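Student: Here you go, data-v9.pdb (PDB, C-alpha atoms, pLDDT in the B column):
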ATOM      1  CA  MET A   1      46.266 -54.194  14.270  1.00 66.00           C
ATOM      2  CA  THR A   2      44.044 -55.810  11.613  1.00 77.00           C
ATOM      3  CA  SER A   3      41.015 -55.807  13.893  1.00 78.00           C
ATOM      4  CA  LYS A   4      41.475 -52.089  14.625  1.00 78.00           C
ATOM      5  CA  LEU A   5      41.636 -51.331  10.910  1.00 67.00           C
ATOM      6  CA  ALA A   6      38.545 -53.441  10.273  1.00 61.00           C
ATOM      7  CA  TYR A   7      36.713 -51.636  13.086  1.00 65.00           C
ATOM      8  CA  VAL A   8      37.646 -48.210  11.686  1.00 61.00           C
ATOM      9  CA  VAL A   9      36.594 -49.173   8.159  1.00 57.00           C
ATOM     10  CA  LEU A  10      33.332 -50.692   9.377  1.00 60.00           C
ATOM     11  CA  SER A  11      32.583 -47.594  11.473  1.00 63.00           C
ATOM     12  CA  ALA A  12      33.294 -45.275   8.541  1.00 55.00           C
ATOM     13  CA  VAL A  13      31.049 -47.292   6.226  1.00 51.00           C
ATOM     14  CA  SER A  14      28.279 -47.325   8.837  1.00 58.00           C
ATOM     15  CA  LEU A  15      28.455 -43.563   9.308  1.00 51.00           C
ATOM     16  CA  LEU A  16      28.465 -42.947   5.571  1.00 49.00           C
ATOM     17  CA  THR A  17      25.467 -45.232   5.070  1.00 51.00           C
ATOM     18  CA  MET A  18      23.569 -43.545   7.895  1.00 49.00           C
ATOM     19  CA  ASP A  19      24.399 -40.103   6.494  1.00 47.00           C
ATOM     20  CA  LEU A  20      23.119 -41.071   3.049  1.00 43.00           C
ATOM     21  CA  ALA A  21      19.914 -42.480   4.513  1.00 44.00           C
ATOM     22  CA  LEU A  22      19.242 -39.300   6.476  1.00 44.00           C
ATOM     23  CA  ALA A  23      20.008 -37.093   3.463  1.00 45.00           C
ATOM     24  CA  ARG A  24      16.972 -38.531   1.711  1.00 44.00           C
ATOM     25  CA  GLY A  25      14.699 -37.308   4.447  1.00 53.00           C
ATOM     26  CA  PRO A  26      12.080 -39.103   6.455  1.00 53.00           C
ATOM     27  CA  TRP A  27       9.513 -39.355   3.675  1.00 56.00           C
ATOM     28  CA  ARG A  28       9.694 -40.412   0.059  1.00 66.00           C
ATOM     29  CA  SER A  29       6.764 -40.242  -2.298  1.00 67.00           C
ATOM     30  CA  ASN A  30       5.891 -43.438  -4.125  1.00 71.00           C
ATOM     31  CA  GLU A  31       2.939 -45.184  -5.732  1.00 71.00           C
ATOM     32  CA  ALA A  32       1.657 -46.327  -2.336  1.00 70.00           C
ATOM     33  CA  ASN A  33       1.417 -42.865  -0.767  1.00 72.00           C
ATOM     34  CA  THR A  34       1.026 -40.382  -3.619  1.00 80.00           C
ATOM     35  CA  LYS A  35      -2.341 -39.808  -5.219  1.00 82.00           C
ATOM     36  CA  GLY A  36      -1.992 -40.053  -8.986  1.00 88.00           C
ATOM     37  CA  TRP A  37       1.577 -41.369  -8.985  1.00 89.00           C
ATOM     38  CA  GLN A  38       0.852 -43.329 -12.156  1.00 90.00           C
ATOM     39  CA  PHE A  39      -0.287 -40.145 -13.928  1.00 92.00           C
ATOM     40  CA  MET A  40       2.906 -38.202 -13.177  1.00 92.00           C
ATOM     41  CA  THR A  41       6.144 -38.100 -15.120  1.00 94.00           C
ATOM     42  CA  PRO A  42       9.350 -38.913 -13.234  1.00 93.00           C
ATOM     43  CA  GLU A  43      10.208 -35.193 -13.290  1.00 95.00           C
ATOM     44  CA  GLU A  44       6.810 -34.299 -11.838  1.00 94.00           C
ATOM     45  CA  ARG A  45       7.276 -36.864  -9.080  1.00 92.00           C
ATOM     46  CA  ILE A  46      10.608 -35.327  -8.094  1.00 91.00           C
ATOM     47  CA  GLU A  47       9.147 -31.804  -8.154  1.00 93.00           C
ATOM     48  CA  HIS A  48       6.086 -32.943  -6.171  1.00 91.00           C
ATOM     49  CA  GLN A  49       8.247 -34.503  -3.474  1.00 89.00           C
ATOM     50  CA  ALA A  50      10.448 -31.400  -3.248  1.00 91.00           C
ATOM     51  CA  ARG A  51       7.431 -29.113  -2.935  1.00 92.00           C
ATOM     52  CA  ILE A  52       5.890 -31.232  -0.204  1.00 88.00           C
ATOM     53  CA  ARG A  53       9.096 -31.183   1.797  1.00 88.00           C
ATOM     54  CA  GLY A  54       9.354 -27.415   1.421  1.00 92.00           C
ATOM     55  CA  PHE A  55       6.039 -26.426   2.989  1.00 92.00           C
ATOM     56  CA  ARG A  56       6.175 -24.792   6.406  1.00 92.00           C
ATOM     57  CA  ASN A  57       2.545 -23.635   6.522  1.00 93.00           C
ATOM     58  CA  TYR A  58      -0.552 -25.851   6.576  1.00 94.00           C
ATOM     59  CA  ASP A  59      -2.748 -23.579   4.466  1.00 94.00           C
ATOM     60  CA  GLU A  60      -0.226 -23.341   1.622  1.00 95.00           C
ATOM     61  CA  CYS A  61       0.435 -27.069   1.772  1.00 94.00           C
ATOM     62  CA  HIS A  62      -3.269 -27.936   1.811  1.00 93.00           C
ATOM     63  CA  ALA A  63      -3.999 -25.614  -1.133  1.00 95.00           C
ATOM     64  CA  TYR A  64      -1.268 -27.346  -3.135  1.00 94.00           C
ATOM     65  CA  GLN A  65      -2.596 -30.748  -2.087  1.00 92.00           C
ATOM     66  CA  LEU A  66      -6.115 -29.932  -3.307  1.00 92.00           C
ATOM     67  CA  GLU A  67      -4.746 -28.590  -6.595  1.00 94.00           C
ATOM     68  CA  HIS A  68      -2.620 -31.708  -7.061  1.00 92.00           C
ATOM     69  CA  HIS A  69      -5.548 -34.032  -6.330  1.00 90.00           C
ATOM     70  CA  GLN A  70      -7.780 -32.206  -8.825  1.00 92.00           C
ATOM     71  CA  LEU A  71      -5.061 -32.448 -11.492  1.00 94.00           C
ATOM     72  CA  MET A  72      -4.588 -36.176 -10.886  1.00 92.00           C
ATOM     73  CA  GLU A  73      -8.356 -36.774 -11.022  1.00 92.00           C
ATOM     74  CA  SER A  74      -8.592 -34.932 -14.352  1.00 94.00           C
ATOM     75  CA  ARG A  75      -5.662 -36.940 -15.754  1.00 95.00           C
ATOM     76  CA  ALA A  76      -7.351 -40.164 -14.659  1.00 94.00           C
ATOM     77  CA  ALA A  77     -10.593 -39.087 -16.353  1.00 94.00           C
ATOM     78  CA  GLU A  78      -8.713 -38.203 -19.568  1.00 95.00           C
ATOM     79  CA  LYS A  79      -7.293 -41.723 -19.653  1.00 93.00           C
ATOM     80  CA  GLY A  80     -10.642 -43.314 -18.780  1.00 95.00           C
ATOM     81  CA  GLN A  81      -9.268 -44.708 -15.540  1.00 92.00           C
ATOM     82  CA  PRO A  82     -10.793 -44.540 -12.072  1.00 89.00           C
ATOM     83  CA  SER A  83      -9.929 -41.691  -9.748  1.00 85.00           C
ATOM     84  CA  PRO A  84      -6.770 -42.408  -7.753  1.00 81.00           C
ATOM     85  CA  GLY A  85      -8.796 -42.213  -4.543  1.00 77.00           C
ATOM     86  CA  ASN A  86      -7.976 -40.503  -1.287  1.00 71.00           C
ATOM     87  CA  ARG A  87      -4.601 -40.758   0.371  1.00 70.00           C
ATOM     88  CA  ARG A  88      -3.446 -39.532   3.725  1.00 73.00           C
ATOM     89  CA  ASP A  89      -3.251 -35.785   4.343  1.00 82.00           C
ATOM     90  CA  PHE A  90       0.451 -35.126   3.853  1.00 83.00           C
ATOM     91  CA  CYS A  91      -0.006 -31.633   5.310  1.00 89.00           C
ATOM     92  CA  GLU A  92      -1.397 -32.880   8.622  1.00 88.00           C
ATOM     93  CA  HIS A  93       1.911 -32.497  10.462  1.00 85.00           C
ATOM     94  CA  LEU A  94       1.832 -28.738   9.746  1.00 88.00           C
ATOM     95  CA  LYS A  95      -1.486 -28.112  11.540  1.00 86.00           C
ATOM     96  CA  ALA A  96       0.094 -27.887  14.977  1.00 77.00           C
ATOM     97  CA  GLN A  97       2.771 -25.527  13.674  1.00 72.00           C
ATOM     98  CA  SER A  98       0.165 -23.257  12.051  1.00 61.00           C
ATOM     99  CA  THR A  99      -1.894 -22.929  15.224  1.00 57.00           C
ATOM    100  CA  THR A 100       1.083 -22.096  17.441  1.00 51.00           C
ATOM    101  CA  ARG A 101       2.178 -19.075  15.414  1.00 50.00           C
TER     102      ARG A 101
END
Render the structure in this file as structure tokens.

Tutor:
Amino acid sequence: MTSKLAYVVLSAVSLLTMDLALARGPWRSNEANTKGWQFMTPEERIEHQARIRGFRNYDECHAYQLEHHQLMESRAAEKGQPSPGNRRDFCEHLKAQSTTR
């Protein structure tokens, strides 16, 4: 009886943990993958991540990406720091969707 209870509890905890992990989504912005992370407030980082996840169209996503990069470059210049440099194109996955519609 004890082993059944332990199995049920362990299964429930595993499912809950998996559900929480999936709720975050497949991608999380951080200093390693977000251009200008260090020039953003915590609120801006949350908003940036939400906007990125919400795009369904490459052109809209890419326009936002260019705007964001320009803003981060200007913030770096204001602080006398080097440009954050190029990061991966986070809109790339939408190209195939845009061409099929």

Student: Write out as JSON lines the residues of region 31-61 of chain A that have any atom within 9 Å of an atom of region 71-89 of chain A, one row each with the nearest atom pair and its distance in Å to one decimal, counting all atoms listed in the file, sorted by chain and then rising number.

Tutor:
{"residue": "A:Ala32", "atom": "CA", "partner": "A:Arg87", "partner_atom": "CA", "distance": 8.8}
{"residue": "A:Asn33", "atom": "CA", "partner": "A:Arg87", "partner_atom": "CA", "distance": 6.5}
{"residue": "A:Thr34", "atom": "CA", "partner": "A:Arg87", "partner_atom": "CA", "distance": 6.9}
{"residue": "A:Lys35", "atom": "CA", "partner": "A:Pro84", "partner_atom": "CA", "distance": 5.7}
{"residue": "A:Gly36", "atom": "CA", "partner": "A:Met72", "partner_atom": "CA", "distance": 5.0}
{"residue": "A:Trp37", "atom": "CA", "partner": "A:Met72", "partner_atom": "CA", "distance": 8.3}
{"residue": "A:Gln38", "atom": "CA", "partner": "A:Pro84", "partner_atom": "CA", "distance": 8.9}
{"residue": "A:Phe39", "atom": "CA", "partner": "A:Arg75", "partner_atom": "CA", "distance": 6.5}
{"residue": "A:Met40", "atom": "CA", "partner": "A:Met72", "partner_atom": "CA", "distance": 8.1}

Student: Store the residues of this selection in a file with C-alpha atoms, as a CSV table (one decimal), in the coordinates of the input.

Tutor:
chain,number,residue,atom,x,y,z
A,32,ALA,CA,1.7,-46.3,-2.3
A,33,ASN,CA,1.4,-42.9,-0.8
A,34,THR,CA,1.0,-40.4,-3.6
A,35,LYS,CA,-2.3,-39.8,-5.2
A,36,GLY,CA,-2.0,-40.1,-9.0
A,37,TRP,CA,1.6,-41.4,-9.0
A,38,GLN,CA,0.9,-43.3,-12.2
A,39,PHE,CA,-0.3,-40.1,-13.9
A,40,MET,CA,2.9,-38.2,-13.2

Student: Quote the spacing between CA of Leu66 (chain A) and CA of Cys91 (chain A) in Å to one decimal place.

Tutor: 10.7 Å

Student: Please, what distance in Å, to one decimal, runs between CA of Glu47 (chain A) and CA of Ala96 (chain A)?

Tutor: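 Distance between the two atoms: 25.1 Å.
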
Student: To one decimal in Å, tell me the separation between CA of Glu92 (chain A) and CA of Gly54 (chain A).

Tutor: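 Between these atoms lies a distance of 14.0 Å.
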
Student: Residues within 10 Å of Tyr58 (chain A), please, as a PDB file with C-alpha atoms, keeping the file's coordinate frame. Count only C-alpha atoms; anything in the same chain fewer than 3 positions from it doesn't count.

Tutor:
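Below is the file result.pdb, written as the result:
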ATOM      1  CA  PHE A  55       6.039 -26.426   2.989  1.00 92.00           C
ATOM      2  CA  CYS A  61       0.435 -27.069   1.772  1.00 94.00           C
ATOM      3  CA  HIS A  62      -3.269 -27.936   1.811  1.00 93.00           C
ATOM      4  CA  ALA A  63      -3.999 -25.614  -1.133  1.00 95.00           C
ATOM      5  CA  TYR A  64      -1.268 -27.346  -3.135  1.00 94.00           C
ATOM      6  CA  PHE A  90       0.451 -35.126   3.853  1.00 83.00           C
ATOM      7  CA  CYS A  91      -0.006 -31.633   5.310  1.00 89.00           C
ATOM      8  CA  GLU A  92      -1.397 -32.880   8.622  1.00 88.00           C
ATOM      9  CA  HIS A  93       1.911 -32.497  10.462  1.00 85.00           C
ATOM     10  CA  LEU A  94       1.832 -28.738   9.746  1.00 88.00           C
ATOM     11  CA  LYS A  95      -1.486 -28.112  11.540  1.00 86.00           C
ATOM     12  CA  ALA A  96       0.094 -27.887  14.977  1.00 77.00           C
ATOM     13  CA  GLN A  97       2.771 -25.527  13.674  1.00 72.00           C
ATOM     14  CA  SER A  98       0.165 -23.257  12.051  1.00 61.00           C
ATOM     15  CA  THR A  99      -1.894 -22.929  15.224  1.00 57.00           C
TER      16      THR A  99
END

Student: Ranking A:Arg53, A:Glu43, A:Asn30, A:His48 by minimum distance to His69 (chain A) and counting all atoms listed in the file, which one comes first?

Tutor: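 Between A:Arg53, A:Glu43, A:Asn30, A:His48, the residue approaching His69 (chain A) most closely is A:His48.
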